[in-house]
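Comments concern the structure below.
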Amino acid sequence: MPHTFQSGDYSISLGDLRSTFKAWLHTRDYSQLYIITDENTHRACLPVFREKTELPDWVKVAKIPAGEHFKSLDTCQAIWQQMLDTQLDRKALVVNLGGGVIGDMGGFCAATWKRGVDFIQIPTTLLAMTDAAIGGKLGIDFQGVKNTIGVFKNPAAVFADPDFLKTLPEREWRSGFAEVIKHALIGDPELWQRLQSEAVTGSHHLTDKWYDILRASIAVKVRVVQEDPLEKGLRAILNFGHTIGHAVESCFLETDNPITHGEAVAVGMVCESWIGNLGKLEEVIAVIKSHFPHRPVPESAFPGIWNLMHQDKKNVAGKVRMTLPGAEPFSMRILEPDRQVVEQSLLFYNESSS
Ligand SMILES: NC(=O)c1ccc[n+]([C@@H]2O[C@H](COP(=O)([O-])OP(=O)(O)OC[C@H]3O[C@@H](n4cnc5c(N)ncnc54)[C@H](O)[C@@H]3O)[C@@H](O)[C@H]2O)c1
């Protein structure tokens with residue numbers, strides 16, 4: 001049975017697209033559909049999407065290169081160019097079929113096309129289902145700095161169909177799992193308990209157990225963005241692990257061995273839990289150690305990481321700010337660590353998680 005969440009003026013449906021998306025589309029009157037995919041979701045997800053939705057073959061599909069590296073102005077330009085060639089009008093619907101990169105960038109292109117056309121998110125990664133597709137934050141990276149250009153605009157709807165996860169590579173499962181851990185820590189003690197006591201990742205994905213975990217994780221994100229849609233307060237809690245994590249991710253982005261968003265957030269959660277003296281530090285390390293590869297951060301990268309942390313959108317008056325879960329679910333603490341503490345936390349990660 002599909003499960004539906006309401007978040008402001010749009011709904012998030014968890015379940016088979018046959019019973020969620022199809023019924024929704026019938027209630028709408030769009031002039032055109034324009035599907036944005038990357039090369040992997042074009043191959044792995046588009047056939048499933050077509051089969052489940054029975055959309056006609058003539059629906060226009062964009063295919064862009066996969067990966068964070070292409071979440072850029074150049075790719076947006078290619079998408080806008082295709083929208084122009086397709087004569088996409090203001091009553092069209094943009095369908096973002098992919099992970100967080102497609103959702104953020106496709107949403108941004110739609111939100112700015114002719115001052116905004118409707119778009120829907122059809123997340124195909126664990127990370128996008130539980131996090132990126134919900135909450136209307138859209139954008140791209142700029143000059144190597146993550147999510148620097150963007151807007152807030154809610155999708156017309158979100159349709160999360162767990163069937164898409166069947167083709168997700170193991171590394172991407174883990175990447176999404178970092179956000180599930182984050183959600184458990186900030187808002188769902190029961191889920192956190194579960195993540196510690198049960199083996200939840202591995203080749204046995206997509207059991208009923210996973211459906212429950214998806215539902216619980218989505219519920220945390222929905223509650224936070226509903227309370228604070230424009231990130232004036234509580235929403236900053238979703239950045240737990242991301243102040244250091246984003247900088248680590250950007251730092252590795254241009255190397256031969258980039259790390260996934262979730263792997264970087266896992267590093268960030270350990271570091272930030274250490275800085276904030278989080279009561280659950282030992283448990284956090286244990287869960288992360290059992291699900292993530294150890295990715296030591298070279299000391300030569302520390303200055304670059306600190307510089308990148310200065311670009312963080314949460315900073316005020318030149319001070320680096322990070323958010324940590326408070327004592328109660330859905331409460332938070334704000335810290336302003338200095339450079340030395342951040343570097344010590346990275347050393348702590350290097351030693352503790354090996
Ligand atoms: N907007 C937000 O609130 C928010 C929140 C968290 C993260 N994000 C953003 O999300 C992005 C990371 O998202 P992601 O981890 O989904 O990355 P991604 O979109 O790059 O997807 C990861 C990889 O998996 C492939 N893939 C996607 N679905 C697949 C499937 N079903 N089968 C096989 N391969 C598949 C993709 O082609 C890609 O290679 C980052 O850019 C991050 O900034 C945004």
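Labels for the structure tokens follow display order: chains A, B, ..., residues from 1 in each chain, ligands from 1.
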
Item to complete: Name all residues at most 10 Å from Thr260 (chain A) (count only C-alpha atoms; drop same-chain ones fewer than 4 positions away) and give them as a PyMOL selection string.
Response: chain A and resi 67-68+171-172+174-176+249+252-253+264-266

Give me a file of those residues, with N, CA, C and O atoms, as a PDB file, in the first residue's frame.
```
ATOM      1  N   GLY A  67      26.787  12.159 -12.411  1.00  0.00           N
ATOM      2  CA  GLY A  67      27.761  12.483 -11.366  1.00  0.00           C
ATOM      3  C   GLY A  67      27.764  13.946 -10.953  1.00  0.00           C
ATOM      4  O   GLY A  67      27.376  14.843 -11.712  1.00  0.00           O
ATOM      5  N   GLU A  68      28.258  14.146  -9.740  1.00  0.00           N
ATOM      6  CA  GLU A  68      28.307  15.477  -9.127  1.00  0.00           C
ATOM      7  C   GLU A  68      29.098  16.470  -9.978  1.00  0.00           C
ATOM      8  O   GLU A  68      28.778  17.658 -10.033  1.00  0.00           O
ATOM      9  N   ARG A 171      27.616   0.990  -3.502  1.00  0.00           N
ATOM     10  CA  ARG A 171      28.241   2.201  -2.945  1.00  0.00           C
ATOM     11  C   ARG A 171      27.224   3.338  -2.799  1.00  0.00           C
ATOM     12  O   ARG A 171      27.285   4.147  -1.876  1.00  0.00           O
ATOM     13  N   GLU A 172      26.290   3.387  -3.725  1.00  0.00           N
ATOM     14  CA  GLU A 172      25.259   4.431  -3.660  1.00  0.00           C
ATOM     15  C   GLU A 172      24.244   4.132  -2.553  1.00  0.00           C
ATOM     16  O   GLU A 172      23.689   5.044  -1.958  1.00  0.00           O
ATOM     17  N   ARG A 174      25.041   2.813   0.265  1.00  0.00           N
ATOM     18  CA  ARG A 174      25.722   3.292   1.476  1.00  0.00           C
ATOM     19  C   ARG A 174      25.664   4.803   1.568  1.00  0.00           C
ATOM     20  O   ARG A 174      25.479   5.375   2.634  1.00  0.00           O
ATOM     21  N   SER A 175      25.839   5.438   0.423  1.00  0.00           N
ATOM     22  CA  SER A 175      25.843   6.892   0.413  1.00  0.00           C
ATOM     23  C   SER A 175      24.509   7.414   0.976  1.00  0.00           C
ATOM     24  O   SER A 175      24.481   8.312   1.825  1.00  0.00           O
ATOM     25  N   GLY A 176      23.423   6.823   0.525  1.00  0.00           N
ATOM     26  CA  GLY A 176      22.110   7.238   1.031  1.00  0.00           C
ATOM     27  C   GLY A 176      21.908   6.876   2.483  1.00  0.00           C
ATOM     28  O   GLY A 176      21.213   7.564   3.237  1.00  0.00           O
ATOM     29  N   GLU A 249      33.865  16.518   0.736  1.00  0.00           N
ATOM     30  CA  GLU A 249      33.382  16.064  -0.575  1.00  0.00           C
ATOM     31  C   GLU A 249      33.971  16.937  -1.694  1.00  0.00           C
ATOM     32  O   GLU A 249      34.473  16.421  -2.692  1.00  0.00           O
ATOM     33  N   PHE A 252      37.653  16.205  -2.322  1.00  0.00           N
ATOM     34  CA  PHE A 252      37.943  14.953  -3.037  1.00  0.00           C
ATOM     35  C   PHE A 252      37.404  14.973  -4.476  1.00  0.00           C
ATOM     36  O   PHE A 252      37.756  14.126  -5.275  1.00  0.00           O
ATOM     37  N   LEU A 253      36.517  15.948  -4.743  1.00  0.00           N
ATOM     38  CA  LEU A 253      35.805  15.952  -6.023  1.00  0.00           C
ATOM     39  C   LEU A 253      36.740  15.989  -7.224  1.00  0.00           C
ATOM     40  O   LEU A 253      36.521  15.303  -8.214  1.00  0.00           O
ATOM     41  N   ALA A 264      31.150  11.274   2.448  1.00  0.00           N
ATOM     42  CA  ALA A 264      31.689  12.511   3.029  1.00  0.00           C
ATOM     43  C   ALA A 264      30.873  12.924   4.259  1.00  0.00           C
ATOM     44  O   ALA A 264      31.428  13.367   5.267  1.00  0.00           O
ATOM     45  N   VAL A 265      29.568  12.745   4.185  1.00  0.00           N
ATOM     46  CA  VAL A 265      28.717  13.090   5.334  1.00  0.00           C
ATOM     47  C   VAL A 265      29.020  12.160   6.518  1.00  0.00           C
ATOM     48  O   VAL A 265      28.994  12.585   7.677  1.00  0.00           O
ATOM     49  N   ALA A 266      29.337  10.918   6.219  1.00  0.00           N
ATOM     50  CA  ALA A 266      29.707   9.982   7.297  1.00  0.00           C
ATOM     51  C   ALA A 266      30.966  10.485   8.007  1.00  0.00           C
ATOM     52  O   ALA A 266      31.027  10.503   9.247  1.00  0.00           O
TER      53      ALA A 266
END
```

Contact table chain A vs ligand 1, cut-off 7 Å, shortest pair per residue, only C-alpha atoms and all ligand atoms, as a tab-separated table:
```
residue	atom	partner	partner_atom_place_in_ligand_line	distance
A:Asp38	CA	ligand 1	37 (O)	5.6
A:Glu39	CA	ligand 1	37 (O)	6.2
A:Asn40	CA	ligand 1	37 (O)	4.2
A:Thr41	CA	ligand 1	29 (C)	5.2
A:Ala44	CA	ligand 1	32 (N)	5.4
A:Cys45	CA	ligand 1	31 (N)	5.8
A:Ala66	CA	ligand 1	37 (O)	4.7
A:Gly67	CA	ligand 1	20 (O)	4.2
A:Glu68	CA	ligand 1	20 (O)	5.3
A:Lys71	CA	ligand 1	41 (O)	6.9
A:Gly98	CA	ligand 1	27 (C)	5.1
A:Gly99	CA	ligand 1	19 (O)	3.2
A:Gly100	CA	ligand 1	13 (O)	3.2
A:Val101	CA	ligand 1	19 (O)	3.8
A:Ile102	CA	ligand 1	19 (O)	5.6
A:Asp104	CA	ligand 1	1 (N)	5.4
A:Thr124	CA	ligand 1	28 (N)	4.3
A:Thr125	CA	ligand 1	28 (N)	4.6
A:Leu126	CA	ligand 1	16 (O)	6.8
A:Leu127	CA	ligand 1	16 (O)	5.1
A:Ala128	CA	ligand 1	16 (O)	4.9
A:Asp131	CA	ligand 1	5 (C)	5.2
A:Ala132	CA	ligand 1	4 (C)	3.5
A:Ala133	CA	ligand 1	1 (N)	6.2
A:Ile134	CA	ligand 1	3 (O)	6.4
A:Gly135	CA	ligand 1	3 (O)	6.0
A:Gly136	CA	ligand 1	1 (N)	6.5
A:Lys137	CA	ligand 1	1 (N)	4.3
A:Leu138	CA	ligand 1	1 (N)	5.3
A:Lys146	CA	ligand 1	43 (O)	6.6
A:Asn147	CA	ligand 1	43 (O)	6.3
A:Phe164	CA	ligand 1	31 (N)	4.5
A:Leu165	CA	ligand 1	31 (N)	4.9
A:Lys166	CA	ligand 1	31 (N)	6.6
A:Thr167	CA	ligand 1	32 (N)	4.1
A:Leu168	CA	ligand 1	32 (N)	3.8
A:Pro169	CA	ligand 1	33 (C)	6.0
A:Glu172	CA	ligand 1	22 (C)	5.9
A:Ser175	CA	ligand 1	15 (O)	6.1
A:Gly176	CA	ligand 1	15 (O)	6.2
A:Thr260	CA	ligand 1	15 (O)	6.8
A:His261	CA	ligand 1	12 (C)	5.7
A:Gly262	CA	ligand 1	15 (O)	6.8
```

Enumerate, in order of chain and increasing residue number, the residues of region 261-316 of chain A with an atom no farther than 10 Å from region 328-341 of chain A, each with its shortest atom pair and distance in Å to one decimal, counting only C-alpha atoms, as CSV.
```
residue,atom,partner,partner_atom,distance
A:Cys271,CA,A:Val341,CA,9.6
A:Glu272,CA,A:Leu335,CA,9.4
A:Trp274,CA,A:Val341,CA,9.6
A:Ile275,CA,A:Val341,CA,7.0
A:Gly276,CA,A:Leu335,CA,7.4
A:Phe302,CA,A:Arg339,CA,9.2
A:Pro303,CA,A:Arg339,CA,8.8
A:Ile305,CA,A:Arg339,CA,9.8
A:Trp306,CA,A:Arg339,CA,6.6
A:Asn307,CA,A:Arg339,CA,9.5
A:Met309,CA,A:Arg339,CA,9.7
A:Asn315,CA,A:Glu336,CA,8.8
A:Val316,CA,A:Glu336,CA,9.7
```

Worksheet entry | Near-Pro229 (chain A) list (9 Å; only C-alpha atoms; drop same-chain fewer than 3 positions) as number ranges by chain | A: 8, 135-136, 152, 224-226, 232, 235

Worksheet item: Could you work out how far CA of Val59 (chain A) lies from CA of Trp173 (chain A), giving the answer in Å with one decimal?
Response: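 Taking CA of Trp173 (chain A) and CA of Val59 (chain A), their separation equals 29.7 Å.
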
Item to complete: Can you check which residues of region 73-181 of chain A DSSP gives as helix (DSSP H, G or I) on the backbone and send them as JSON, numbers by chain?
Response: {"A": [73, 74, 75, 76, 77, 78, 79, 80, 81, 82, 83, 84, 85, 100, 101, 102, 103, 104, 105, 106, 107, 108, 109, 110, 111, 112, 113, 114, 115, 126, 127, 128, 129, 130, 131, 132, 162, 163, 164, 165, 166, 167, 170, 171, 172, 173, 174, 175, 176, 177, 178, 179, 180, 181]}

Practice prompt. Identify which of the residues A:Leu97, A:Ile64, A:Met322, A:Ala219 lies closest to Arg50 (chain A), counting only C-alpha atoms when measuring atom-to-atom distances.
Written response: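 Smallest distance to Arg50 (chain A) is found for A:Leu97.
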
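With only C-alpha atoms as the atoms that count, the minimum distance from Ser197 (chain A) to the choices A:Val222, A:Val287, A:His246, A:Arg215 is reached by A:Val287.
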
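In this comparison, which uses only C-alpha atoms, the residue of A:Lys221, A:His291, A:Arg115, A:Lys91 approaching Gly187 (chain A) most closely is A:Lys221.
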
Item to complete: Check the smallest atom-to-atom distance from each of A:Asp188, A:Asp74, A:Asp141, A:Glu351 to His294 (chain A) using only C-alpha atoms, then report the winner.
Response: A:Glu351

Discussion item. Give me, as a ChimeraX atom specification, all polymer residues having an atom no more than 12 Å from Asp16 (chain A), counting only C-alpha atoms and skipping those fewer than 4 positions away in the same chain.
Written reply: /A:1-4,20-23,48-49,51-53,122,159-164,211
